[in-house]
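What follows is a short report on a single structure.
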Amino acid sequence: MMGRFRGRMMVTAALATALLATACGGDSGGSSSEPAGDETLELRLAIGGDLAIYWHVFVGQQYGVFDKHKVKVTPVVPRTGSSTDMVNLVLSGDADMANSLPDPALAAASSGSELRILNFEAPIVFSVVGKSGVESYDDLPQNFKVGVSSPTTSIAAFSRLLLDNAGIAEDRYSFVTTGGTAARLAALKSGAVDIAVLAQPADFKAEASGMKVLDYTVKSAPWYGITDIVQAESLEDENTCSALGRYFDALREISEFLADPANKEKAIAALVETGNNSESDAKSTYDLYTDQGAMMGINDPLETLKGTNDLLAGVGAPTAPDPSAMVSTDCTSDKS
């Protein structure tokens with residue numbers, strides 16, 4: 001699922017100032033470097049691969065928006081593509097920022113890691129899909145099975161939240177641990193589970209094989225999605241803060257680009273160019289994101305952290321003692 005980034009960990013070049021590469025590894029003394037001025041700054045960005053949720057990265061690279069704002073965004077992709085591994089890249093200093101679900105950041109905070117959430121980029125549009133013959137919640141048997149990656153993940157929490165919102169009692173269903181999106185799709189196809197939460201393009205593939213989307217998570221939790229995560233100490237470095245600010249200034253422009261219907265074909269082409277998305281899936285994703293209000297942008301992340309913390313607590317997952325303390329907006333616009 002990682003397309004042209006498959007199996008590759010990108011190695012960053014040293015900046016002319018040789019400062020950004022050490023920003024997240026960190027001088028514990030908190031000293032800041034000389035600002036870079038007009039030179040291009042590099043930002044090592046952990047992402048999960050060639051997925052639509054990183055649409056902004058592809059648009060920024062392919063249409064020169066990052067170049068315009070003098071920030072070189074270098075994707076760093078962990079082998080698994082998981083949010084936990086992306087956050088671990090930030091913690092180890094191998095990435096400056098992660099575009100990640102908030103769950104692993106909250107878990108890390110529960111054990112004392114100093115992470116900061118700078119932005120809520122976009123809500124995730126997970127689809128609740130029923131196996132063949134299940135076309136609404138009413139078609140579910142009295143005792144049914146829900147495919148999840150693990151009983152203590154956001155996928156399980158969302159499944160429980162949406163079923164509760166549909167008026168379905170917890171004693172009617174049980175979780176079946178199947179694995180990631182591809183494994184959950186396979187479990188649906190085989191009939192091993194009755195419903196499962198899927199991400200794009202697995203949900204489109206499910207529909208193409210005759211299955212039905214019953215619900216979208218964004219309807220019940222528009223606050224849940226991709227966040228921008230950094231080490232707290234990295235924000236003390238002027239070059240790092242400037243690079244982050246340039247990235248967010250570029251993101252504002254990319255957000256306007258994606259929101260403009262006149263750019264639909266260019267946006268679709270940017271996603272197809274990654275090599276992991278067909279034109280049909282890219283078009284369907286664009287329409288879905290537009291319909292669900294899930295295009296990327298600059299947003300306050302506090303509601304995301306509080307809501308996710310509560311959601312994860314409900315399934316016994318690690319949570320942060322004070323999610324509001326993790327929010328920082330100091331570097332979300334370039335001040336250099």
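How things are named: the first chain in the structure tokens is A, the next is B, and so on; residues count from 1 in each chain; ligands count from 1 in the order shown.
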
Looking only at the backbone, which of the residues in region 32-275 of chain A does DSSP tag as strand (DSSP E or B), as a PyMOL selection string?
chain A and resi 41-46+71-76+97-100+115-123+127-130+144-148+173-177+195-198+212-216+225-231

Residue contacts of Leu251 (chain A) (9 Å, only C-alpha atoms) excluding same-chain residues fewer than 3 positions away, as a VMD selection string
chain A and resid 56 to 57 60 65 to 66 246 to 248 254 to 256 296 to 298

Who sits within 7 Å of region 148-160 of chain A, only C-alpha atoms, same chain under 6 positions skipped, as a ChimeraX atom specification
/A:175-180,184,196-197,217,311-312,315-317

Mind giving me the straight-line distance from CA of Ser242 (chain A) to CA of Ala98 (chain A) in Å, one decimal?
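CA of Ser242 (chain A) sits 16.5 Å away from CA of Ala98 (chain A).
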
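If you measure from each of A:Val77, A:Leu43, A:Ala105, A:Val327 to Asp300 (chain A) using only C-alpha atoms, the closest one turns out to be A:Val327.
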
Would you work out the distance separating CA of Gln231 (chain A) from CA of Leu91 (chain A), expressed in Å to one decimal?
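A separation of 6.6 Å between them.
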
Find the residue from A:Glu170, A:Asp330, A:Asp310, A:Asp322 that sits nearest to Ser110 (chain A); use only C-alpha atoms when measuring.
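Residue with the minimum atom-to-atom distance to Ser110 (chain A): A:Asp322.
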
Using the chain letters and numbers from this document, which residues of region 117-310 of chain A does DSSP assign to alpha helix (DSSP H), as JSON, numbers by chain?
{"A": [154, 155, 156, 157, 158, 159, 160, 161, 162, 163, 164, 165, 181, 182, 183, 184, 185, 186, 187, 188, 189, 190, 202, 203, 204, 205, 206, 207, 208, 217, 218, 219, 220, 238, 239, 240, 241, 242, 243, 244, 245, 246, 247, 248, 249, 250, 251, 252, 253, 254, 255, 256, 257, 258, 259, 264, 265, 266, 267, 268, 269, 270, 271, 272, 279, 280, 281, 282, 283, 284, 285, 286, 287, 288, 289, 290, 291, 292, 302, 303, 304, 305, 306, 307, 308, 309, 310]}

Do you know which residues are at most 10 Å from Ala294 (chain A) counting only C-alpha atoms, after dropping those on the same chain fewer than 2 positions away, and could you put them as a list in words?
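Skipping anything fewer than 2 positions along the chain leaves Ile53, Glu121, Ala122, Pro123, Ile124, Val125, Val218, Pro222, Gly225, Tyr286, Leu288, Tyr289, Thr290, Asp291, Gln292, Met296 and Gly297 of chain A.
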
Using only C-alpha atoms, which of A:Glu114, A:Asp94, A:Glu207, A:Asp215 sits nearest Leu161 (chain A)?
A:Asp215

CA of Ala183 (chain A) to CA of Ala109 (chain A), straight-line distance in Å
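Taking CA of Ala109 (chain A) and CA of Ala183 (chain A), their separation equals 29.4 Å.
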
For Ile268 (chain A), work out the shell of residues within 9 Å, counting only C-alpha atoms and skipping chain neighbours fewer than 3 positions away, then give it as a VMD selection string.
chain A and resid 263 to 265 271 to 273 279 282 to 283 285 to 286
